[in-house]
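Peer 1: Enclosed is the structure file final.txt (compact mmCIF, C-alpha atoms (C1' of nucleotides)).
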```txt
# COMPACT_ATOMS: atom_id res chain seq x y z
CA MET A 1 0.00 0.00 0.00
CA PRO A 2 1.64 3.23 -1.10
CA PRO A 3 1.72 5.80 1.70
CA ARG A 4 -0.74 8.61 1.33
CA PRO A 5 1.14 11.45 -0.37
CA SER A 6 0.43 13.94 2.43
CA HIS A 7 4.12 14.92 2.31
CA PRO A 8 4.80 14.82 -1.38
CA GLU A 9 8.32 15.33 -2.51
CA ALA A 10 7.40 18.67 -4.04
CA LEU A 11 6.14 20.03 -0.75
CA VAL A 12 9.32 19.24 1.11
CA GLU A 13 11.38 20.69 -1.69
CA ALA A 14 9.31 23.85 -1.80
CA GLN A 15 9.76 24.19 1.96
CA ALA A 16 13.51 23.80 1.63
CA ARG A 17 13.68 26.45 -1.06
CA PHE A 18 11.55 28.78 0.97
CA VAL A 19 13.85 28.36 3.95
CA ALA A 20 16.88 29.15 1.81
CA VAL A 21 15.33 32.20 0.18
CA TRP A 22 14.00 33.61 3.43
CA GLY A 23 17.31 33.02 5.18
CA GLN A 24 19.18 34.90 2.49
CA MET A 25 16.71 37.76 2.58
CA GLY A 26 17.10 37.97 6.34
CA SER A 27 20.83 38.27 6.15
CA ALA A 28 20.56 41.15 3.66
CA TRP A 29 18.49 42.99 6.26
CA GLY A 30 20.65 42.35 9.27
CA ILE A 31 18.97 39.26 10.71
CA SER A 32 21.22 36.26 11.17
CA ARG A 33 20.72 33.70 8.44
CA THR A 34 19.89 30.86 10.79
CA MET A 35 17.36 32.85 12.74
CA ALA A 36 15.58 33.73 9.52
CA GLU A 37 15.74 30.10 8.42
CA VAL A 38 14.19 28.89 11.65
CA HIS A 39 11.44 31.43 11.21
CA ALA A 40 10.95 30.34 7.62
CA LEU A 41 10.72 26.70 8.63
CA LEU A 42 8.12 27.38 11.30
CA PHE A 43 6.15 29.62 8.98
CA VAL A 44 6.21 27.35 5.99
CA THR A 45 5.38 24.16 7.84
CA GLY A 46 2.69 26.00 9.75
CA GLU A 47 2.71 23.52 12.59
CA PRO A 48 4.33 23.50 16.01
CA LEU A 49 7.83 22.04 15.96
CA ASN A 50 10.14 21.30 18.85
CA THR A 51 13.85 21.99 19.14
CA ASP A 52 14.81 18.57 17.84
CA ASP A 53 12.62 18.96 14.77
CA VAL A 54 14.31 22.28 14.03
CA MET A 55 17.80 20.83 14.61
CA GLU A 56 17.14 17.94 12.28
CA ARG A 57 15.52 19.82 9.46
CA LEU A 58 18.02 22.65 9.46
CA GLU A 59 21.04 20.55 10.50
CA ILE A 60 22.06 22.95 13.22
CA SER A 61 23.22 22.43 16.80
CA ARG A 62 20.97 22.33 19.80
CA GLY A 63 22.41 25.56 21.15
CA ASN A 64 21.82 27.39 17.93
CA ALA A 65 18.29 26.09 17.60
CA SER A 66 17.51 27.06 21.17
CA MET A 67 18.90 30.59 20.81
CA SER A 68 17.23 31.21 17.48
CA VAL A 69 13.84 30.05 18.58
CA ARG A 70 14.02 32.09 21.75
CA ALA A 71 15.02 35.21 19.80
CA LEU A 72 12.02 34.68 17.51
CA VAL A 73 9.76 34.44 20.54
CA ASP A 74 11.27 37.70 21.84
CA TRP A 75 10.55 39.29 18.49
CA GLY A 76 6.94 38.21 18.79
CA VAL A 77 6.83 36.30 15.53
CA VAL A 78 6.82 32.82 17.10
CA TYR A 79 4.77 31.45 19.99
CA ARG A 80 5.57 28.71 22.48
CA SER A 81 3.11 25.85 22.64
CA HIS A 82 2.83 22.42 24.18
CA LYS A 83 1.62 19.00 23.27
CA ARG A 84 -0.37 16.87 25.70
CA GLY A 85 1.77 14.17 27.25
CA ASP A 86 4.99 15.57 25.82
CA ARG A 87 7.39 17.49 28.00
CA LYS A 88 9.04 19.19 25.08
CA GLU A 89 8.32 22.77 24.17
CA TYR A 90 6.87 23.37 20.75
CA PHE A 91 7.14 26.52 18.69
CA GLN A 92 4.66 27.83 16.22
CA ALA A 93 5.00 30.77 13.88
CA GLU A 94 2.56 33.65 13.77
CA LEU A 95 0.71 32.83 10.55
CA ASP A 96 -1.11 36.12 10.12
CA VAL A 97 1.34 37.79 7.78
CA TRP A 98 0.25 41.33 8.62
CA ALA A 99 0.56 40.67 12.34
CA MET A 100 3.97 39.19 11.69
CA PHE A 101 5.22 42.28 9.89
CA ARG A 102 3.70 44.53 12.52
CA ALA A 103 5.71 42.63 15.13
CA ILE A 104 8.90 42.96 13.09
CA LEU A 105 8.37 46.66 12.58
CA ARG A 106 7.57 47.20 16.24
CA GLU A 107 10.76 45.50 17.38
CA ARG A 108 13.03 47.16 14.87
CA MET A 109 11.66 50.54 15.79
CA LYS A 110 12.13 49.84 19.47
CA ARG A 111 15.63 48.44 19.09
CA GLU A 112 17.08 50.57 16.33
CA VAL A 113 15.06 53.61 15.34
CA ASP A 114 14.17 54.93 18.77
CA PRO A 115 17.75 54.79 20.13
CA LEU A 116 18.93 56.38 16.89
CA LEU A 117 16.52 59.26 17.39
CA VAL A 118 17.74 59.76 20.93
CA SER A 119 21.36 59.89 19.75
CA LEU A 120 20.56 62.26 16.92
CA HIS A 121 18.83 64.65 19.28
CA GLU A 122 21.86 64.60 21.55
CA ILE A 123 24.13 65.28 18.60
CA ARG A 124 21.87 68.07 17.45
CA ASP A 125 22.12 69.64 20.90
CA MET A 126 25.93 69.62 20.79
CA THR A 127 25.89 72.60 18.41
CA PRO A 128 23.36 75.15 19.61
CA VAL A 129 22.72 77.89 17.09
CA ASP A 130 22.30 81.59 17.73
CA ARG A 131 22.57 84.56 15.39
CA LYS A 132 26.34 84.86 15.73
CA SER A 133 27.03 81.17 15.12
CA PRO A 134 29.39 80.47 12.22
CA GLU A 135 27.76 79.48 8.97
CA ALA A 136 29.24 75.99 9.11
CA VAL A 137 27.52 75.37 12.41
CA ARG A 138 24.19 76.66 11.16
CA ASP A 139 24.37 74.51 8.05
CA HIS A 140 25.32 71.50 10.09
CA ALA A 141 22.38 72.03 12.42
CA GLN A 142 20.08 72.44 9.47
CA ARG A 143 21.18 69.13 7.95
CA LEU A 144 20.58 67.34 11.21
CA ASP A 145 17.20 68.98 11.57
CA ALA A 146 16.22 67.85 8.09
CA LEU A 147 17.23 64.29 8.91
CA LEU A 148 15.41 64.39 12.23
CA GLY A 149 12.33 65.75 10.53
CA PHE A 150 12.29 62.84 8.13
CA LEU A 151 12.98 60.21 10.77
CA GLU A 152 10.32 61.58 13.08
CA THR A 153 7.73 61.54 10.35
CA ALA A 154 8.71 57.96 9.53
CA ASP A 155 8.63 57.06 13.20
CA SER A 156 5.20 58.57 13.53
CA VAL A 157 3.87 56.65 10.53
CA GLY A 158 5.45 53.50 11.92
CA ARG A 159 3.81 53.99 15.30
CA ARG A 160 0.39 54.20 13.74
CA PHE A 161 0.95 51.05 11.76
CA VAL A 162 2.13 49.18 14.79
CA SER A 163 -0.28 50.66 17.27
CA PRO A 164 -2.48 48.45 19.45
CA THR A 165 -5.38 49.77 17.39
CA GLY A 166 -4.02 47.14 15.10
CA LYS A 167 -5.02 46.97 11.54
CA GLY A 168 -3.88 50.47 10.65
CA LEU A 169 -1.06 49.37 8.43
CA GLN A 170 -3.18 46.97 6.50
CA THR A 171 -5.86 49.52 5.81
CA ALA A 172 -3.53 52.34 4.92
CA ALA A 173 -1.19 50.25 2.81
CA THR A 174 -4.00 48.64 0.91
CA LEU A 175 -5.41 52.06 0.19
CA LEU A 176 -2.04 53.45 -0.83
CA SER A 177 -1.33 50.51 -3.11
CA LYS A 178 -4.67 50.82 -4.88
CA THR A 179 -5.84 54.38 -4.85
CA MET A 180 -3.79 57.53 -5.27
CA GLY A 181 -4.08 57.85 -9.07
CA THR A 182 -0.99 57.68 -11.20
CA GLY A 183 0.25 61.13 -10.59
CA LYS A 184 0.37 63.94 -8.16
CA ARG A 185 -3.05 63.58 -6.63
CA ALA A 186 -2.51 62.91 -2.94
CA ALA A 187 -4.26 60.26 -0.91
CA GLU A 188 -7.59 61.42 0.40
CA GLY A 189 -7.68 61.30 4.17
CA GLY A 190 -11.04 60.00 5.27
CA ALA A 191 -9.61 58.02 8.29
CA MET B 1 42.58 74.35 3.99
CA PRO B 2 43.56 76.53 6.97
CA PRO B 3 41.48 75.82 10.07
CA ARG B 4 38.94 78.62 9.99
CA PRO B 5 37.02 79.46 13.13
CA SER B 6 34.01 77.95 11.36
CA HIS B 7 35.16 74.52 12.52
CA PRO B 8 34.76 74.76 16.26
CA GLU B 9 35.67 71.79 18.34
CA ALA B 10 32.01 71.03 19.00
CA LEU B 11 31.23 70.77 15.31
CA VAL B 12 33.96 68.24 14.65
CA GLU B 13 32.92 66.24 17.64
CA ALA B 14 29.27 66.27 16.60
CA GLN B 15 30.32 65.09 13.16
CA ALA B 16 32.33 62.25 14.65
CA ARG B 17 29.43 61.14 16.80
CA PHE B 18 27.08 61.30 13.85
CA VAL B 19 29.43 59.14 11.81
CA ALA B 20 29.58 56.56 14.58
CA VAL B 21 25.84 56.47 15.15
CA TRP B 22 25.00 56.26 11.46
CA GLY B 23 27.59 53.56 10.90
CA GLN B 24 26.13 51.45 13.65
CA MET B 25 22.61 51.94 12.36
CA GLY B 26 23.73 50.88 8.90
CA SER B 27 25.23 47.67 10.13
CA ALA B 28 21.99 46.77 11.92
CA TRP B 29 20.23 47.04 8.56
CA GLY B 30 22.71 45.10 6.46
CA ILE B 31 24.88 47.93 5.14
CA SER B 32 28.58 47.62 5.88
CA ARG B 33 29.66 49.84 8.73
CA THR B 34 32.29 51.68 6.75
CA MET B 35 30.02 52.37 3.84
CA ALA B 36 27.48 53.89 6.19
CA GLU B 37 30.22 55.90 7.88
CA VAL B 38 31.44 57.30 4.60
CA HIS B 39 27.91 58.27 3.75
CA ALA B 40 27.49 59.86 7.17
CA LEU B 41 30.69 61.85 6.75
CA LEU B 42 29.68 63.19 3.37
CA PHE B 43 26.20 63.98 4.58
CA VAL B 44 27.20 65.66 7.79
CA THR B 45 30.00 67.76 6.34
CA GLY B 46 27.77 68.68 3.42
CA GLU B 47 30.67 69.54 1.19
CA PRO B 48 32.47 67.62 -1.54
CA LEU B 49 35.35 65.53 -0.20
CA ASN B 50 37.95 63.55 -2.10
CA THR B 51 39.25 60.07 -1.37
CA ASP B 52 42.13 61.36 0.72
CA ASP B 53 39.81 63.44 2.88
CA VAL B 54 37.68 60.38 3.51
CA MET B 55 40.72 58.20 4.25
CA GLU B 56 42.08 60.67 6.74
CA ARG B 57 38.90 61.47 8.59
CA LEU B 58 37.75 57.87 8.85
CA GLU B 59 41.23 56.34 9.15
CA ILE B 60 40.58 53.76 6.48
CA SER B 61 42.64 52.50 3.57
CA ARG B 62 42.56 53.93 0.09
CA GLY B 63 41.02 50.76 -1.29
CA ASN B 64 38.23 50.77 1.23
CA ALA B 65 37.51 54.45 0.71
CA SER B 66 37.41 53.98 -3.04
CA MET B 67 35.07 51.00 -2.90
CA SER B 68 32.75 52.56 -0.37
CA VAL B 69 32.40 55.80 -2.22
CA ARG B 70 31.75 54.04 -5.49
CA ALA B 71 29.09 51.86 -3.90
CA LEU B 72 27.40 54.99 -2.55
CA VAL B 73 27.40 56.50 -6.02
CA ASP B 74 25.84 53.27 -7.34
CA TRP B 75 23.18 53.56 -4.67
CA GLY B 76 22.43 57.07 -5.85
CA VAL B 77 22.98 58.74 -2.49
CA VAL B 78 26.31 60.35 -3.38
CA TYR B 79 27.33 62.31 -6.48
CA ARG B 80 30.71 62.72 -8.12
CA SER B 81 31.94 66.27 -8.52
CA HIS B 82 35.11 68.08 -9.48
CA LYS B 83 37.06 71.11 -8.43
CA ARG B 84 38.55 73.46 -10.97
CA GLY B 85 42.29 72.91 -11.34
CA ASP B 86 42.25 69.76 -9.23
CA ARG B 87 42.51 66.37 -10.85
CA LYS B 88 41.01 64.58 -7.90
CA GLU B 89 37.45 63.38 -7.88
CA TYR B 90 35.22 64.82 -5.20
CA PHE B 91 32.14 63.24 -3.71
CA GLN B 92 29.13 64.98 -2.36
CA ALA B 93 26.16 63.49 -0.54
CA GLU B 94 22.59 63.97 -1.64
CA LEU B 95 21.42 66.47 0.95
CA ASP B 96 17.69 66.28 0.29
CA VAL B 97 16.80 63.75 2.93
CA TRP B 98 13.60 62.60 1.24
CA ALA B 99 15.40 62.08 -2.06
CA MET B 100 18.07 60.17 -0.19
CA PHE B 101 15.58 57.77 1.35
CA ARG B 102 13.78 57.37 -1.95
CA ALA B 103 17.08 56.31 -3.49
CA ILE B 104 17.74 53.84 -0.69
CA LEU B 105 14.26 52.37 -0.97
CA ARG B 106 14.53 52.13 -4.75
CA GLU B 107 17.81 50.22 -4.59
CA ARG B 108 16.78 47.88 -1.83
CA MET B 109 13.61 47.02 -3.67
CA LYS B 110 15.49 46.40 -6.86
CA ARG B 111 18.21 44.32 -5.25
CA GLU B 112 16.33 42.44 -2.58
CA VAL B 113 12.56 42.64 -2.72
CA ASP B 114 12.05 42.08 -6.44
CA PRO B 115 14.29 38.98 -6.63
CA LEU B 116 12.60 37.70 -3.49
CA LEU B 117 9.20 38.05 -5.15
CA VAL B 118 10.41 36.17 -8.20
CA SER B 119 11.70 33.32 -6.04
CA LEU B 120 8.53 33.18 -3.99
CA HIS B 121 6.42 32.91 -7.12
CA GLU B 122 8.59 30.08 -8.36
CA ILE B 123 8.25 28.32 -5.02
CA ARG B 124 4.50 28.86 -5.08
CA ASP B 125 4.35 27.24 -8.50
CA MET B 126 6.16 24.12 -7.28
CA THR B 127 2.99 22.94 -5.54
CA PRO B 128 0.02 23.43 -7.84
CA VAL B 129 -3.28 22.89 -6.11
CA ASP B 130 -6.35 21.14 -7.46
CA ARG B 131 -9.38 19.67 -5.69
CA LYS B 132 -7.70 16.36 -4.92
CA SER B 133 -4.52 17.89 -3.51
CA PRO B 134 -3.66 16.81 0.02
CA GLU B 135 -4.61 19.23 2.74
CA ALA B 136 -0.96 19.85 3.63
CA VAL B 137 -0.30 21.09 0.13
CA ARG B 138 -3.34 23.33 0.10
CA ASP B 139 -2.39 24.87 3.44
CA HIS B 140 1.15 25.38 2.30
CA ALA B 141 0.00 27.15 -0.85
CA GLN B 142 -2.32 29.30 1.19
CA ARG B 143 0.49 30.43 3.49
CA LEU B 144 2.66 31.34 0.53
CA ASP B 145 -0.22 33.20 -1.08
CA ALA B 146 -0.79 35.21 2.08
CA LEU B 147 2.87 36.15 2.21
CA LEU B 148 2.91 37.04 -1.47
CA GLY B 149 -0.19 39.14 -1.00
CA PHE B 150 1.47 41.14 1.71
CA LEU B 151 4.75 41.55 -0.12
CA GLU B 152 3.04 42.61 -3.30
CA THR B 153 1.02 45.23 -1.51
CA ALA B 154 4.19 46.50 0.14
CA ASP B 155 5.99 46.44 -3.20
CA SER B 156 3.19 48.39 -4.77
CA VAL B 157 3.25 51.03 -2.04
CA GLY B 158 7.01 51.20 -2.35
CA ARG B 159 6.82 51.71 -6.10
CA ARG B 160 4.56 54.70 -5.68
CA PHE B 161 6.82 56.26 -3.14
CA VAL B 162 9.85 55.79 -5.31
CA SER B 163 8.22 56.59 -8.59
CA PRO B 164 9.76 59.16 -10.95
CA THR B 165 6.78 61.35 -10.11
CA GLY B 166 8.84 61.94 -7.05
CA LYS B 167 7.37 63.41 -3.97
CA GLY B 168 4.78 60.69 -3.41
CA LEU B 169 6.34 59.34 -0.28
CA GLN B 170 6.71 62.69 1.29
CA THR B 171 3.11 63.65 0.69
CA ALA B 172 1.64 60.37 1.76
CA ALA B 173 3.85 59.91 4.80
CA THR B 174 3.26 63.42 5.99
CA LEU B 175 -0.47 62.86 5.68
CA LEU B 176 -0.30 59.51 7.41
CA SER B 177 1.77 60.90 10.24
CA LYS B 178 -0.66 63.73 10.88
CA THR B 179 -4.15 62.60 10.03
CA MET B 180 -5.81 59.24 10.59
CA GLY B 181 -7.45 59.47 13.96
CA THR B 182 -6.35 57.93 17.21
CA GLY B 183 -2.69 58.30 18.07
CA LYS B 184 -0.74 61.10 19.64
CA ARG B 185 -0.49 64.42 17.92
CA ALA B 186 1.96 64.02 15.06
CA ALA B 187 5.33 65.69 14.58
CA GLU B 188 5.31 69.17 13.14
CA GLY B 189 7.67 69.92 10.36
CA GLY B 190 7.59 68.86 6.74
CA ALA B 191 9.60 70.57 4.04
C1' DT C 1 14.21 15.34 47.40
C1' DT C 2 15.78 12.74 43.64
C1' DT C 3 15.80 11.66 38.89
C1' DG C 4 16.02 12.27 34.31
C1' DA C 5 14.54 14.90 30.54
C1' DT C 6 14.82 19.45 28.50
C1' DT C 7 16.63 23.94 27.92
C1' DT C 8 20.08 27.44 28.35
C1' DT C 9 24.61 29.19 28.43
C1' DC C 10 29.07 30.53 26.76
C1' DA C 11 34.12 29.76 25.62
C1' DA C 12 36.26 28.19 21.83
C1' DA C 13 36.09 27.01 16.96
C1' DG C 14 34.52 28.03 12.60
C1' DT C 15 32.68 30.93 8.99
C1' DT C 16 31.71 35.06 6.60
C1' DT C 17 32.50 39.62 5.80
C1' DT C 18 35.31 43.46 5.56
C1' DC C 19 39.69 45.79 5.08
C1' DT C 20 44.36 46.60 3.63
C1' DG C 21 47.97 47.84 0.57
C1' DA C 22 50.66 47.16 -3.28
C1' DA C 23 50.23 46.39 -8.17
C1' DA C 24 47.57 47.30 -12.22
C1' DT C 25 44.94 50.46 -14.72
C1' DC C 26 43.43 54.80 -16.20
C1' DA C 27 43.48 59.69 -17.76
C1' DC C 28 45.68 63.36 -18.80
C1' DT C 29 49.78 66.19 -20.40
C1' DA C 30 53.88 67.35 -22.34
C1' DT D 1 55.29 58.00 -26.18
C1' DA D 2 56.62 58.52 -21.51
C1' DG D 3 55.59 60.52 -17.25
C1' DT D 4 52.64 61.75 -13.43
C1' DG D 5 49.16 61.40 -10.31
C1' DA D 6 44.53 59.47 -9.41
C1' DT D 7 41.71 55.43 -9.10
C1' DT D 8 40.57 50.58 -9.07
C1' DT D 9 41.37 45.91 -8.13
C1' DC D 10 41.95 41.83 -5.46
C1' DA D 11 44.68 38.26 -2.76
C1' DG D 12 45.64 37.74 1.70
C1' DA D 13 45.09 39.47 6.56
C1' DA D 14 42.14 40.96 10.07
C1' DA D 15 37.91 41.64 12.22
C1' DA D 16 33.22 40.60 13.06
C1' DC D 17 29.88 37.50 13.47
C1' DT D 18 27.89 32.86 13.99
C1' DT D 19 27.86 28.16 15.49
C1' DT D 20 29.05 24.32 18.21
C1' DG D 21 28.75 21.24 22.03
C1' DA D 22 29.41 20.00 26.52
C1' DA D 23 28.48 21.61 31.14
C1' DA D 24 25.28 23.94 34.06
C1' DA D 25 20.82 25.23 35.05
C1' DT D 26 16.05 24.43 35.02
C1' DC D 27 12.01 21.95 35.30
C1' DA D 28 8.37 18.40 36.13
C1' DA D 29 7.14 14.16 37.86
C1' DA D 30 7.47 10.70 41.23
```
Could you quickly redo this structure as structure tokens?
Peer 2:
Amino acid sequence: MPPRPSHPEALVEAQARFVAVWGQMGSAWGISRTMAEVHALLFVTGEPLNTDDVMERLEISRGNASMSVRALVDWGVVYRSHKRGDRKEYFQAELDVWAMFRAILRERMKREVDPLLVSLHEIRDMTPVDRKSPEAVRDHAQRLDALLGFLETADSVGRRFVSPTGKGLQTAATLLSKTMGTGKRAAEGGA
Amino acid sequence: MPPRPSHPEALVEAQARFVAVWGQMGSAWGISRTMAEVHALLFVTGEPLNTDDVMERLEISRGNASMSVRALVDWGVVYRSHKRGDRKEYFQAELDVWAMFRAILRERMKREVDPLLVSLHEIRDMTPVDRKSPEAVRDHAQRLDALLGFLETADSVGRRFVSPTGKGLQTAATLLSKTMGTGKRAAEGGA
DNA sequence: TTTGATTTTCAAAGTTTTCTGAAATCACTA
DNA sequence: TAGTGATTTCAGAAAACTTTGAAAATCAAA
């Protein structure tokens, strides 16, 4: 009796390719390759896996698997779960793609953008400007102010998208991707 | 150049801190530290610098300076320029912050997002679904479709922002940061 | 409390990425 | 064409980052 093809060859191969592609993408954006691969594996299989499953499928050490999976939980893109009668911990990816990207954005803002903004404000305050300041200092301050203006706008947009209110990003992005004619016409507000 | 009083100690120190902070931020997002530092130096000084200037201020080798500066030109965030009666090439950062981020977004989409989308479509096509497909295959395809849906929306939003029409991002982001209901009062500013 | 399974930690090893510097190439001039 | 100075290249060296694996810590059940 041939085994039911619930794990056809093609599925496993597609999963492997997805893991590779996602891992590579992660490393281009400053996430360690393995961590991205673990995330990819959990996402693409869609079911809870334990540390040994991850080790086997990705051929990585126990330590690495443990650290990666924990980091993903810290990022909020993977949840811990348990199986009745099994002492092992299982891990399951967030499968709502929009929620997943909200979590990623939230963490990156918290870890990288917010500290950056703090530093830039400090740097800005190192060169106070009054009317007798040299031109070089005024220009310098102006460049920093322009950068801060941009980053604060971006930060503010990011906050909305990530906010507990929730689905903001999805709504706004869907609108922006569809409406907003070809040209200069701006998005209509309409909350 | 004789040290004019327009280069007070505080200015140089602020520049150095900016370079360090920007370099660190770059490496968190997958840009090599030195490349980000060179960009920071050109941006924060605001004037055209040649390779030797960059080497000296950043204490890096000629080769590294040359490669970094060329990569920044390829990214479209730095321009080549020349000084009358000087055979050296000078480099000057794009100082319009919104244009700078449009260039960065354009390149990252071209280099990373678009190839990713191509791969994901190929992977999606590895597991065609019909009514007698196993459940595992259907679920797998559904997860990939959800991810593709998100990424294509994001890609589409990105394209608008980056489009030759130009100021789309600025307009939309400024709107999004200020309007749209709930959150805190948005940053003042704009152009 | 003991036991044994599971998870975490972290120093050392391994890998990847980045940087250096000297040689090759280029661009211009005489 | 040779000479001069600027720029690019790239093999090897150095630095940064990641992974391993065995020991320690934790945990749950008995």
Peer 1: Compile the contact shell of C:DA27 as a list of chain:residue names: residues with an atom at most 12 Å away, counting all atoms listed in the file, same-chain residues fewer than 3 positions apart removed.
Peer 2: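 In the requested format, the answer is B:Arg87, B:Lys88, D:DT4, D:DG5, D:DA6, D:DT7.
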Peer 1: Near chain D, which residues of chain B fall within 10 Å when you count all atoms listed in the file, and what do they look like as a tab-separated table (two decimals) with C-alpha atoms, in the frame of the given file?
Peer 2:
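Final output, saved to result.tsv:
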```
chain	number	residue	atom	x	y	z
B	51	THR	CA	39.25	60.07	-1.37
B	62	ARG	CA	42.56	53.93	0.09
B	63	GLY	CA	41.02	50.76	-1.29
B	66	SER	CA	37.41	53.98	-3.04
B	67	MET	CA	35.07	51.00	-2.90
B	87	ARG	CA	42.51	66.37	-10.85
B	88	LYS	CA	41.01	64.58	-7.90
B	89	GLU	CA	37.45	63.38	-7.88
```
Peer 1: Within 10 Å of B:Gly76, counting all atoms listed in the file, which residues qualify if same-chain residues fewer than 4 places away don't, as a ChimeraX atom specification?
Peer 2: /B:70-72,93-94,99-104,106-107
Peer 1: Please list as a list in words every residue within 7 Å of B:Ser177, counting only C-alpha atoms (C1' of nucleotides) and excluding residues in the same chain fewer than 4 positions away.
Peer 2: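 The neighbour list is Thr153, Ser156 and Val157 of chain A; Ala173 and Ala186 of chain B.
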Peer 1: Rounded to one decimal in Å, what is the spacing between atom CA of B:Gly23 and atom CA of A:Leu120?
Peer 2: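 Computing the Euclidean distance for atom CA of B:Gly23 and atom CA of A:Leu120 yields 12.7 Å.
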Peer 1: So that I can see what lies close to stretch 139-141 of chain A, please list as a VMD selection string the residues with an atom at most 10 Å from it, counting only C-alpha atoms (C1' of nucleotides) and leaving out residues fewer than 3 positions away in the same chain.
Peer 2: (chain A and resid 123 to 129 134 to 136 144 to 147) or (chain B and resid 11 14 to 15 43 to 46)
Peer 1: Could you tell me how far atom CA of B:Pro48 sits from atom CA of A:Lys132, in Å to one decimal place?
Peer 2: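 Between atom CA of A:Lys132 and atom CA of B:Pro48 the gap works out to 25.2 Å.
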Peer 1: Write out as an MDAnalysis selection string the residues lying within 10 Å of A:Ser119, counting only C-alpha atoms (C1' of nucleotides) and excluding same-chain residues fewer than 5 positions away.
Peer 2: (chainID A and resid 113:114 124:125) or (chainID B and resid 17:18 21:22)
Peer 1: One decimal, Å: what's the distance from atom CA of A:Trp75 over to atom CA of A:Lys110, could you say?
Peer 2: 10.7 Å
Peer 1: Ranking B:Ile60, B:Ala16, B:Met55, B:Ala10 by minimum distance to chain C and counting only C-alpha atoms (C1' of nucleotides), which one comes first?
Peer 2: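 Under the stated criterion, the closest residue is B:Ile60.
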Peer 1: For a quick check of understanding, using all atoms listed in the file, which of A:Asn64, A:His39, A:His121, A:Arg80 has the smallest distance to A:Asp52?
Peer 2: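 Closest candidate: A:Asn64.
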Peer 1: Counting only C-alpha atoms (C1' of nucleotides), which residues of chain C come no farther than 8 Å from chain B, as a PyMOL selection string?
Peer 2: chain C and resi 18-21
Peer 1: Determine the nearest neighbour of chain A from the options B:Leu42, B:Val162, B:Leu95, B:Val54, counting all atoms listed in the file.
Peer 2: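 Using all atoms listed in the file, the shortest distance to chain A belongs to B:Leu95.
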